[in-house]
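Student: See entry.pdb below, with PDB, C-alpha atoms and all ligand atoms.
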ATOM      1  CA  MET I   1      72.809  79.213  12.170  1.00  0.00           C
ATOM      2  CA  LYS I   2      71.239  80.380  15.392  1.00  0.00           C
ATOM      3  CA  LYS I   3      72.353  77.160  17.031  1.00  0.00           C
ATOM      4  CA  LEU I   4      75.896  77.644  15.767  1.00  0.00           C
ATOM      5  CA  MET I   5      75.981  81.182  17.141  1.00  0.00           C
ATOM      6  CA  LEU I   6      74.722  79.930  20.450  1.00  0.00           C
ATOM      7  CA  LEU I   7      77.344  77.212  20.529  1.00  0.00           C
ATOM      8  CA  LEU I   8      80.077  79.742  19.745  1.00  0.00           C
ATOM      9  CA  ALA I   9      78.750  82.106  22.402  1.00  0.00           C
ATOM     10  CA  VAL I  10      79.241  79.326  24.929  1.00  0.00           C
ATOM     11  CA  LEU I  11      82.472  77.846  23.610  1.00  0.00           C
ATOM     12  CA  VAL I  12      84.511  81.003  23.010  1.00  0.00           C
ATOM     13  CA  PRO I  13      84.477  82.177  26.655  1.00  0.00           C
ATOM     14  CA  VAL I  14      85.187  78.602  27.795  1.00  0.00           C
ATOM     15  CA  ALA I  15      88.209  78.455  25.468  1.00  0.00           C
ATOM     16  CA  ALA I  16      89.419  81.828  26.786  1.00  0.00           C
ATOM     17  CA  LEU I  17      89.135  80.548  30.354  1.00  0.00           C
ATOM     18  CA  ALA I  18      91.065  77.406  29.481  1.00  0.00           C
ATOM     19  CA  ALA I  19      93.892  79.505  28.025  1.00  0.00           C
ATOM     20  CA  GLY I  20      94.233  81.227  31.410  1.00  0.00           C
ATOM     21  CA  PRO I  21      94.911  84.919  31.967  1.00  0.00           C
ATOM     22  CA  SER I  22      96.346  86.934  29.099  1.00  0.00           C
ATOM     23  CA  ALA I  23     100.096  87.391  28.752  1.00  0.00           C
ATOM     24  CA  GLU I  24      99.657  90.983  29.926  1.00  0.00           C
ATOM     25  CA  LYS I  25      97.806  89.937  33.069  1.00  0.00           C
ATOM     26  CA  ARG I  26     100.455  87.326  33.814  1.00  0.00           C
ATOM     27  CA  ALA I  27     103.218  89.931  33.398  1.00  0.00           C
ATOM     28  CA  ILE I  28     101.432  92.309  35.795  1.00  0.00           C
ATOM     29  CA  GLU I  29     100.831  89.529  38.323  1.00  0.00           C
ATOM     30  CA  HIS I  30     104.488  88.462  38.182  1.00  0.00           C
ATOM     31  CA  GLY I  31     105.569  92.096  38.551  1.00  0.00           C
ATOM     32  CA  ARG I  32     103.346  92.440  41.611  1.00  0.00           C
ATOM     33  CA  PHE I  33     104.940  89.324  43.098  1.00  0.00           C
ATOM     34  CA  LEU I  34     108.477  90.676  42.509  1.00  0.00           C
ATOM     35  CA  ILE I  35     107.615  94.085  43.987  1.00  0.00           C
ATOM     36  CA  ASN I  36     106.001  92.583  47.095  1.00  0.00           C
ATOM     37  CA  TYR I  37     108.604  89.881  47.665  1.00  0.00           C
ATOM     38  CA  GLY I  38     111.425  92.306  46.810  1.00  0.00           C
ATOM     39  CA  GLY I  39     110.386  94.531  49.707  1.00  0.00           C
ATOM     40  CA  CYS I  40     109.828  97.614  47.528  1.00  0.00           C
ATOM     41  CA  GLN I  41     106.540  98.402  49.274  1.00  0.00           C
ATOM     42  CA  ASP I  42     108.282  98.412  52.676  1.00  0.00           C
ATOM     43  CA  CYS I  43     109.882 101.741  51.846  1.00  0.00           C
ATOM     44  CA  HIS I  44     107.948 103.068  48.854  1.00  0.00           C
ATOM     45  CA  THR I  45     104.356 102.570  50.172  1.00  0.00           C
ATOM     46  CA  PRO I  46     103.007 104.688  53.057  1.00  0.00           C
ATOM     47  CA  GLY I  47     101.661 102.565  55.933  1.00  0.00           C
ATOM     48  CA  TRP I  48     102.764  99.234  54.414  1.00  0.00           C
ATOM     49  CA  GLY I  49     104.652  97.980  57.471  1.00  0.00           C
ATOM     50  CA  GLU I  50     102.198  99.457  59.978  1.00  0.00           C
ATOM     51  CA  ASN I  51      99.350  97.560  58.272  1.00  0.00           C
ATOM     52  CA  GLY I  52     101.143  94.228  58.134  1.00  0.00           C
ATOM     53  CA  GLY I  53     102.067  94.434  54.436  1.00  0.00           C
ATOM     54  CA  LYS I  54      98.844  95.883  53.056  1.00  0.00           C
ATOM     55  CA  ALA I  55      97.722  99.188  51.591  1.00  0.00           C
ATOM     56  CA  SER I  56      94.792 100.455  49.577  1.00  0.00           C
ATOM     57  CA  LYS I  57      95.444 100.757  45.838  1.00  0.00           C
ATOM     58  CA  ASP I  58      95.595 104.553  45.965  1.00  0.00           C
ATOM     59  CA  LYS I  59      98.582 104.329  48.367  1.00  0.00           C
ATOM     60  CA  LEU I  60     100.633 101.571  46.697  1.00  0.00           C
ATOM     61  CA  LEU I  61     104.146 102.728  45.713  1.00  0.00           C
ATOM     62  CA  THR I  62     103.258 106.421  46.102  1.00  0.00           C
ATOM     63  CA  GLY I  63     106.536 107.036  47.968  1.00  0.00           C
ATOM     64  CA  SER I  64     107.803 108.042  51.397  1.00  0.00           C
ATOM     65  CA  GLY I  65     106.679 104.850  53.117  1.00  0.00           C
ATOM     66  CA  MET I  66     109.767 105.006  55.261  1.00  0.00           C
ATOM     67  CA  ASN I  67     112.210 107.912  55.175  1.00  0.00           C
ATOM     68  CA  PHE I  68     115.737 107.763  56.531  1.00  0.00           C
ATOM     69  CA  GLN I  69     118.195 110.135  58.116  1.00  0.00           C
ATOM     70  CA  GLY I  70     121.845 109.288  58.595  1.00  0.00           C
ATOM     71  CA  PRO I  71     125.324 110.615  57.880  1.00  0.00           C
ATOM     72  CA  TRP I  72     124.331 110.890  54.154  1.00  0.00           C
ATOM     73  CA  GLY I  73     121.469 113.295  54.906  1.00  0.00           C
ATOM     74  CA  THR I  74     117.724 112.566  54.685  1.00  0.00           C
ATOM     75  CA  THR I  75     116.292 110.396  51.916  1.00  0.00           C
ATOM     76  CA  TYR I  76     112.692 109.937  50.830  1.00  0.00           C
ATOM     77  CA  PRO I  77     111.749 106.909  48.708  1.00  0.00           C
ATOM     78  CA  PRO I  78     110.300 108.389  45.517  1.00  0.00           C
ATOM     79  CA  ASN I  79     106.761 107.906  44.218  1.00  0.00           C
ATOM     80  CA  LEU I  80     107.334 105.053  41.757  1.00  0.00           C
ATOM     81  CA  ARG I  81     103.910 105.445  40.132  1.00  0.00           C
ATOM     82  CA  LEU I  82     104.750 108.964  39.002  1.00  0.00           C
ATOM     83  CA  TYR I  83     108.327 107.906  38.206  1.00  0.00           C
ATOM     84  CA  VAL I  84     107.290 105.238  35.648  1.00  0.00           C
ATOM     85  CA  GLN I  85     104.861 107.564  33.866  1.00  0.00           C
ATOM     86  CA  LYS I  86     107.819 109.360  32.305  1.00  0.00           C
ATOM     87  CA  LEU I  87     109.529 106.155  31.165  1.00  0.00           C
ATOM     88  CA  ASN I  88     108.942 103.263  28.799  1.00  0.00           C
ATOM     89  CA  ALA I  89     109.936  99.738  29.880  1.00  0.00           C
ATOM     90  CA  LYS I  90     113.362  99.960  28.182  1.00  0.00           C
ATOM     91  CA  GLU I  91     114.183 103.230  29.932  1.00  0.00           C
ATOM     92  CA  TRP I  92     113.033 101.788  33.286  1.00  0.00           C
ATOM     93  CA  ILE I  93     115.396  98.826  32.826  1.00  0.00           C
ATOM     94  CA  ALA I  94     118.301 101.103  31.838  1.00  0.00           C
ATOM     95  CA  ASN I  95     117.609 103.377  34.837  1.00  0.00           C
ATOM     96  CA  VAL I  96     117.402 100.692  37.503  1.00  0.00           C
ATOM     97  CA  ARG I  97     120.414  98.827  36.094  1.00  0.00           C
ATOM     98  CA  SER I  98     122.574 101.950  36.445  1.00  0.00           C
ATOM     99  CA  LEU I  99     120.851 103.375  39.533  1.00  0.00           C
ATOM    100  CA  LYS I 100     123.014 105.344  41.951  1.00  0.00           C
ATOM    101  CA  ALA I 101     120.841 105.981  44.992  1.00  0.00           C
ATOM    102  CA  ARG I 102     121.595 106.901  48.582  1.00  0.00           C
ATOM    103  CA  PRO I 103     120.774 104.668  51.580  1.00  0.00           C
ATOM    104  CA  LEU I 104     118.668 102.795  52.248  1.00  0.00           C
ATOM    105  CA  MET I 105     117.786 101.978  48.649  1.00  0.00           C
ATOM    106  CA  PRO I 106     119.171  98.457  48.009  1.00  0.00           C
ATOM    107  CA  VAL I 107     120.284  99.147  44.408  1.00  0.00           C
ATOM    108  CA  TRP I 108     121.955  95.728  44.123  1.00  0.00           C
ATOM    109  CA  VAL I 109     118.632  93.826  44.107  1.00  0.00           C
ATOM    110  CA  PHE I 110     118.168  94.598  40.406  1.00  0.00           C
ATOM    111  CA  SER I 111     121.290  92.609  39.493  1.00  0.00           C
ATOM    112  CA  TYR I 112     119.394  89.432  40.492  1.00  0.00           C
ATOM    113  CA  LEU I 113     116.562  90.140  38.060  1.00  0.00           C
ATOM    114  CA  SER I 114     116.384  89.420  34.321  1.00  0.00           C
ATOM    115  CA  ASP I 115     115.168  91.982  31.777  1.00  0.00           C
ATOM    116  CA  ARG I 116     111.922  89.959  31.639  1.00  0.00           C
ATOM    117  CA  ASP I 117     111.521  90.339  35.445  1.00  0.00           C
ATOM    118  CA  LEU I 118     112.171  94.077  35.236  1.00  0.00           C
ATOM    119  CA  THR I 119     109.712  94.446  32.352  1.00  0.00           C
ATOM    120  CA  ASP I 120     107.044  92.706  34.441  1.00  0.00           C
ATOM    121  CA  MET I 121     107.842  94.938  37.428  1.00  0.00           C
ATOM    122  CA  TYR I 122     107.395  97.954  35.193  1.00  0.00           C
ATOM    123  CA  ALA I 123     104.099  96.531  33.840  1.00  0.00           C
ATOM    124  CA  TYR I 124     102.729  96.214  37.380  1.00  0.00           C
ATOM    125  CA  ILE I 125     103.754  99.719  38.501  1.00  0.00           C
ATOM    126  CA  HIS I 126     102.552 101.251  35.238  1.00  0.00           C
ATOM    127  CA  ALA I 127      99.206  99.432  35.435  1.00  0.00           C
ATOM    128  CA  LEU I 128      98.582 100.928  38.893  1.00  0.00           C
ATOM    129  CA  GLY I 129      98.441 104.305  37.154  1.00  0.00           C
ATOM    130  CA  PRO I 130      99.609 107.697  38.438  1.00  0.00           C
ATOM    131  CA  ALA I 131      98.616 108.593  42.017  1.00  0.00           C
ATOM    132  CA  GLY I 132      99.849 110.626  44.967  1.00  0.00           C
ATOM    133  CA  GLU I 133     102.359 113.441  45.112  1.00  0.00           C
ATOM    134  CA  PRO I 134     106.101 113.434  44.425  1.00  0.00           C
ATOM    135  CA  ALA I 135     108.114 112.504  47.532  1.00  0.00           C
ATOM    136  CA  HIS I 136     110.167 115.196  49.262  1.00  0.00           C
ATOM    137  CA  ALA I 137     113.526 115.829  47.618  1.00  0.00           C
ATOM    138  CA  TYR I 138     116.762 114.616  49.243  1.00  0.00           C
ATOM    139  CA  VAL I 139     118.010 116.881  52.054  1.00  0.00           C
ATOM    140  CA  PRO I 140     121.804 117.140  52.635  1.00  0.00           C
ATOM    141  CA  PRO I 141     123.255 116.488  56.133  1.00  0.00           C
ATOM    142  CA  GLY I 142     122.853 119.212  58.737  1.00  0.00           C
ATOM    143  CA  GLN I 143     119.827 120.835  57.027  1.00  0.00           C
ATOM    144  CA  ASP I 144     116.245 120.864  58.278  1.00  0.00           C
ATOM    145  CA  ALA I 145     114.330 117.899  56.906  1.00  0.00           C
ATOM    146  CA  PRO I 146     110.610 117.213  57.361  1.00  0.00           C
ATOM    147  CA  GLY I 147     109.736 114.011  59.212  1.00  0.00           C
ATOM    148  CA  PRO I 148     108.796 111.389  59.933  1.00  0.00           C
ATOM    149  CA  TYR I 149     112.043 109.537  59.314  1.00  0.00           C
ATOM    150  CA  LEU I 150     114.037 106.759  60.884  1.00  0.00           C
ATOM    151  CA  LYS I 151     117.230 108.184  62.288  1.00  0.00           C
ATOM    152  CA  LEU I 152     120.285 105.995  61.933  1.00  0.00           C
ATOM    153  CA  ILE I 153     123.083 106.854  64.277  1.00  0.00           C
ATOM    154  CA  VAL I 154     126.516 105.450  63.685  1.00  0.00           C
ATOM    155  CA  PRO I 155     128.110 104.988  67.116  1.00  0.00           C
ATOM    156  CA  ALA I 156     131.563 106.442  67.622  1.00  0.00           C
ATOM    157  CA  ALA I 157     134.339 103.844  67.486  1.00  0.00           C
ATOM    158  CA  PRO I 158     135.077 102.471  70.999  1.00  0.00           C
ATOM    159  CA  VAL I 159     138.128 103.937  72.666  1.00  0.00           C
ATOM    160  CA  GLU I 160     140.870 101.306  72.482  1.00  0.00           C
ATOM    161  CA  LYS I 161     142.033 100.132  75.876  1.00  0.00           C
ATOM    162  CA  SER I 162     145.754  99.957  76.406  1.00  0.00           C
ATOM    163  CA  THR I 163     146.887  96.346  76.830  1.00  0.00           C
ATOM    164  CA  ASN I 164     150.406  96.985  78.162  1.00  0.00           C
ATOM    165  CA  ASN I 165     149.665  97.757  81.817  1.00  0.00           C
TER     166      ASN I 165
HETATM  167  C1  LIG D 201     114.997 100.077  52.660  1.00  0.00           C
HETATM  168  C2  LIG D 201     114.172 100.994  51.868  1.00  0.00           C
HETATM  169  C3  LIG D 201     113.988 100.768  50.400  1.00  0.00           C
HETATM  170  C4  LIG D 201     113.654  99.598  49.744  1.00  0.00           C
HETATM  171  C5  LIG D 201     113.457  98.224  50.341  1.00  0.00           C
HETATM  172  C6  LIG D 201     113.541  99.934  48.342  1.00  0.00           C
HETATM  173  N1  LIG D 201     113.796 101.263  48.155  1.00  0.00           N
HETATM  174 FE1  LIG D 201     113.838 102.240  46.358  1.00  0.00          FE
HETATM  175  N2  LIG D 201     114.545 103.922  47.288  1.00  0.00           N
HETATM  176  C7  LIG D 201     114.653 104.097  48.657  1.00  0.00           C
HETATM  177  C8  LIG D 201     115.161 105.429  48.925  1.00  0.00           C
HETATM  178  C9  LIG D 201     115.419 106.025  50.305  1.00  0.00           C
HETATM  179  C10 LIG D 201     115.358 106.043  47.679  1.00  0.00           C
HETATM  180  C11 LIG D 201     115.875 107.458  47.432  1.00  0.00           C
HETATM  181  C12 LIG D 201     117.391 107.445  47.450  1.00  0.00           C
HETATM  182  C13 LIG D 201     117.996 108.803  47.200  1.00  0.00           C
HETATM  183  O1  LIG D 201     117.391 109.836  47.534  1.00  0.00           O
HETATM  184  O2  LIG D 201     119.126 108.843  46.671  1.00  0.00           O
HETATM  185  C14 LIG D 201     114.978 105.053  46.672  1.00  0.00           C
HETATM  186  C15 LIG D 201     115.071 105.268  45.307  1.00  0.00           C
HETATM  187  C16 LIG D 201     114.560 104.399  44.345  1.00  0.00           C
HETATM  188  C17 LIG D 201     114.578 104.656  42.918  1.00  0.00           C
HETATM  189  C18 LIG D 201     115.206 105.866  42.231  1.00  0.00           C
HETATM  190  C19 LIG D 201     114.199 106.782  41.665  1.00  0.00           C
HETATM  191  C20 LIG D 201     114.866 108.035  41.089  1.00  0.00           C
HETATM  192  O3  LIG D 201     114.246 109.095  41.188  1.00  0.00           O
HETATM  193  O4  LIG D 201     115.972 107.944  40.573  1.00  0.00           O
HETATM  194  C21 LIG D 201     113.943 103.593  42.324  1.00  0.00           C
HETATM  195  C22 LIG D 201     113.695 103.384  40.820  1.00  0.00           C
HETATM  196  C23 LIG D 201     113.566 102.662  43.364  1.00  0.00           C
HETATM  197  N3  LIG D 201     113.955 103.188  44.577  1.00  0.00           N
HETATM  198  C24 LIG D 201     112.898 101.472  43.156  1.00  0.00           C
HETATM  199  C25 LIG D 201     112.781 100.469  44.130  1.00  0.00           C
HETATM  200  C26 LIG D 201     112.309  99.121  43.856  1.00  0.00           C
HETATM  201  C27 LIG D 201     111.778  98.631  42.513  1.00  0.00           C
HETATM  202  C28 LIG D 201     112.425  98.430  45.027  1.00  0.00           C
HETATM  203  C29 LIG D 201     112.168  96.963  45.268  1.00  0.00           C
HETATM  204  C30 LIG D 201     113.022  96.034  44.547  1.00  0.00           C
HETATM  205  C31 LIG D 201     112.956  99.350  46.030  1.00  0.00           C
HETATM  206  N4  LIG D 201     113.138 100.569  45.443  1.00  0.00           N
HETATM  207  C32 LIG D 201     113.203  99.024  47.356  1.00  0.00           C
HETATM  208  C33 LIG D 201     114.373 103.157  49.625  1.00  0.00           C
HETATM  209  C34 LIG D 201     114.073 101.817  49.379  1.00  0.00           C
END
Written as structure tokens, how would this file's structure read?
Ligand code: HEC
Tutor:
Amino acid sequence: MKKLMLLLAVLVPVAALAAGPSAEKRAIEHGRFLINYGGCQDCHTPGWGENGGKASKDKLLTGSGMNFQGPWGTTYPPNLRLYVQKLNAKEWIANVRSLKARPLMPVWVFSYLSDRDLTDMYAYIHALGPAGEPAHAYVPPGQDAPGPYLKLIVPAAPVEKSTNN
């Protein structure tokens, strides 16, 4: 009996290793891949670009990585870790599929992802756990907005030169 127990003690972990990471771990890993490759950290993680695409775990997706000011006003990428706390995976999918966000949020990226992809994305963000503070709220054009932000200036249309002289 002792020998059998010993054998099991050795074989069970070996079998678990052979089966690879759990489905949950694979979902989180795939979600991490989609978030990183999808550029979400570029705007939603403070210091991501400045550090060559890296950040400590406490900073990941905590919002306001890159803020923007343009003719639409000033926008601050929200803290996605706090955002997902209030949602289950189904609600996250429904939200991002119908998202109406101001520049420079590329809302169209979600149309390239399946529900499975979006579920995995959610699993990754949710697994990071809540951290950070909510990002600053949107500020309409012409009102004082706290920086830093990238300012996008749309140049005036060039004056058309007369061609009949
Ligand atoms: C170029 C910058 C940029 C990139 C890249 C980007 N976002 Fe955003 N995101 C923003 C900004 C700015 C807002 C806020 C827009 C507003 O105020 O209307 C936003 C808003 C959102 C919201 C809306 C949250 C709410 O409160 O309704 C979600 C969800 C979101 N982003 C998820 C993502 C995900 C997931 C990715 C990667 C696929 C991503 N974003 C990539 C800039 C970006």
Student: Taking only residues of region 11-119 of chain I that have an atom at most 10 Å from an atom of region 148-158 of chain I, what is each one's shortest atom pair and its distance in Å to one decimal, using all atoms listed in the file, in chain and number order, as a Markdown table?
Tutor:
| residue | atom | partner | partner_atom | distance |
| --- | --- | --- | --- | --- |
| I:Ser64 | CA | I:Tyr149 | CA | 9.1 |
| I:Gly65 | CA | I:Tyr149 | CA | 9.4 |
| I:Met66 | CA | I:Tyr149 | CA | 6.5 |
| I:Asn67 | CA | I:Tyr149 | CA | 4.4 |
| I:Phe68 | CA | I:Leu150 | CA | 4.8 |
| I:Gln69 | CA | I:Lys151 | CA | 4.7 |
| I:Gly70 | CA | I:Leu152 | CA | 4.9 |
| I:Pro71 | CA | I:Ile153 | CA | 7.8 |
| I:Gly73 | CA | I:Lys151 | CA | 9.9 |
| I:Thr74 | CA | I:Tyr149 | CA | 7.9 |
| I:Thr75 | CA | I:Tyr149 | CA | 8.6 |
| I:Tyr76 | CA | I:Tyr149 | CA | 8.5 |
Student: For ligand LIG 201 (chain D), collect every residue having any atom at a distance of at most 6 Å from a ligand atom (counting all atoms listed in the file); output as a list in words.
Tutor: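 I would give the residues around ligand LIG 201 (chain D) as Ile35, Gly38, Gly39, Cys40, Asp42, Cys43, Thr75, Tyr76, Pro77, Pro78, Val96, Ala101, Arg102, Pro103, Leu104, Met105, Pro106 and Tyr138 of chain I.
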Student: Write the residues of the preceding selection, restricted to C-alpha atoms, as a tab-separated table (two decimals), in the coordinates of the input.
Tutor:
chain	number	residue	atom	x	y	z
I	35	ILE	CA	107.62	94.08	43.99
I	38	GLY	CA	111.42	92.31	46.81
I	39	GLY	CA	110.39	94.53	49.71
I	40	CYS	CA	109.83	97.61	47.53
I	42	ASP	CA	108.28	98.41	52.68
I	43	CYS	CA	109.88	101.74	51.85
I	75	THR	CA	116.29	110.40	51.92
I	76	TYR	CA	112.69	109.94	50.83
I	77	PRO	CA	111.75	106.91	48.71
I	78	PRO	CA	110.30	108.39	45.52
I	96	VAL	CA	117.40	100.69	37.50
I	101	ALA	CA	120.84	105.98	44.99
I	102	ARG	CA	121.60	106.90	48.58
I	103	PRO	CA	120.77	104.67	51.58
I	104	LEU	CA	118.67	102.80	52.25
I	105	MET	CA	117.79	101.98	48.65
I	106	PRO	CA	119.17	98.46	48.01
I	138	TYR	CA	116.76	114.62	49.24
Student: Which residue out of I:Leu99, I:Leu82, I:Ile93, I:Ala23 has the minimum interatomic distance to Met121 (chain I) when all atoms listed in the file are used?
Tutor: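 Residue with the minimum atom-to-atom distance to Met121 (chain I): I:Ile93.
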Student: Got a sec: who's within 9 Å of Val84 (chain I), counting all atoms listed in the file, leaving out chain neighbours fewer than 6 positions off, as a PyMOL selection string?
Tutor: chain I and resi 92+122+125-126+130
Student: Considering all atoms listed in the file, state which residue in the set I:Ala137, I:Leu113, I:Leu118, I:Leu61 is at the smallest distance from Ala89 (chain I).
Tutor: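 Of I:Ala137, I:Leu113, I:Leu118, I:Leu61, the one nearest Ala89 (chain I) is I:Leu118, counting all atoms listed in the file.
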Student: Just how far from CA of Trp48 (chain I) is CA of Gly63 (chain I), in Å to one decimal?
Tutor: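 Those two atoms sit 10.8 Å apart.
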Student: Restricting the calculation to only C-alpha atoms: of I:Glu160, I:Asp117, I:Asp144, I:Glu133, which residue gets closest to Ile28 (chain I)?
Tutor: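 Once distances to Ile28 (chain I) are computed over only C-alpha atoms, the minimum belongs to I:Asp117.
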Student: CA of His30 (chain I) to CA of Gly49 (chain I): how many Å, to one decimal?
Tutor: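 A separation of 21.5 Å between them.
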Student: The residues within 7 Å of (102.9, 112.7, 46.3), using only C-alpha atoms and the coordinates of the file, should be reported as number ranges by chain; which are they?
Tutor: I: 62-63, 79, 132-135
Student: Create the file for the chosen residues now, containing C-alpha atoms and written as a PDB file, in the frame of the given file.
Tutor:
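The new file selection-v1.pdb reads:
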ATOM      1  CA  THR I  62     103.258 106.421  46.102  1.00  0.00           C
ATOM      2  CA  GLY I  63     106.536 107.036  47.968  1.00  0.00           C
ATOM      3  CA  ASN I  79     106.761 107.906  44.218  1.00  0.00           C
ATOM      4  CA  GLY I 132      99.849 110.626  44.967  1.00  0.00           C
ATOM      5  CA  GLU I 133     102.359 113.441  45.112  1.00  0.00           C
ATOM      6  CA  PRO I 134     106.101 113.434  44.425  1.00  0.00           C
ATOM      7  CA  ALA I 135     108.114 112.504  47.532  1.00  0.00           C
TER       8      ALA I 135
END
Student: Might I get the box with edges along x, y and z of the file that holds all atoms of region 137-146 of chain I listed there, padded by 5 Å on every side, given as centre and edge lengths in Å to one decimal, as AutoDock Vina command-line options?
Tutor:
--center_x 116.9 --center_y 117.7 --center_z 53.2 --size_x 22.6 --size_y 16.2 --size_z 21.1
Student: Just how far from CA of Pro140 (chain I) is CA of Trp72 (chain I), in Å to one decimal?
Tutor: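 It comes out at 6.9 Å.
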Student: Ranking I:Tyr83, I:Gly129, I:Thr119, I:Gly147 by minimum distance to Arg26 (chain I) and counting only C-alpha atoms, which one comes first?
Tutor: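 The answer is I:Thr119, which sits nearest to Arg26 (chain I).
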Student: Counting only C-alpha atoms, figure out which residue out of I:Asp120, I:Gly53, I:Lys86, I:Ser111 gets nearest to Ser98 (chain I).
Tutor: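 Nearest to Ser98 (chain I): I:Ser111.
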Student: Of the residues I:Glu24, I:Asp58, I:Glu50, I:Asp115, which is the one nearest to Lys90 (chain I), using all atoms listed in the file?
Tutor: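 Residue with the minimum atom-to-atom distance to Lys90 (chain I): I:Asp115.
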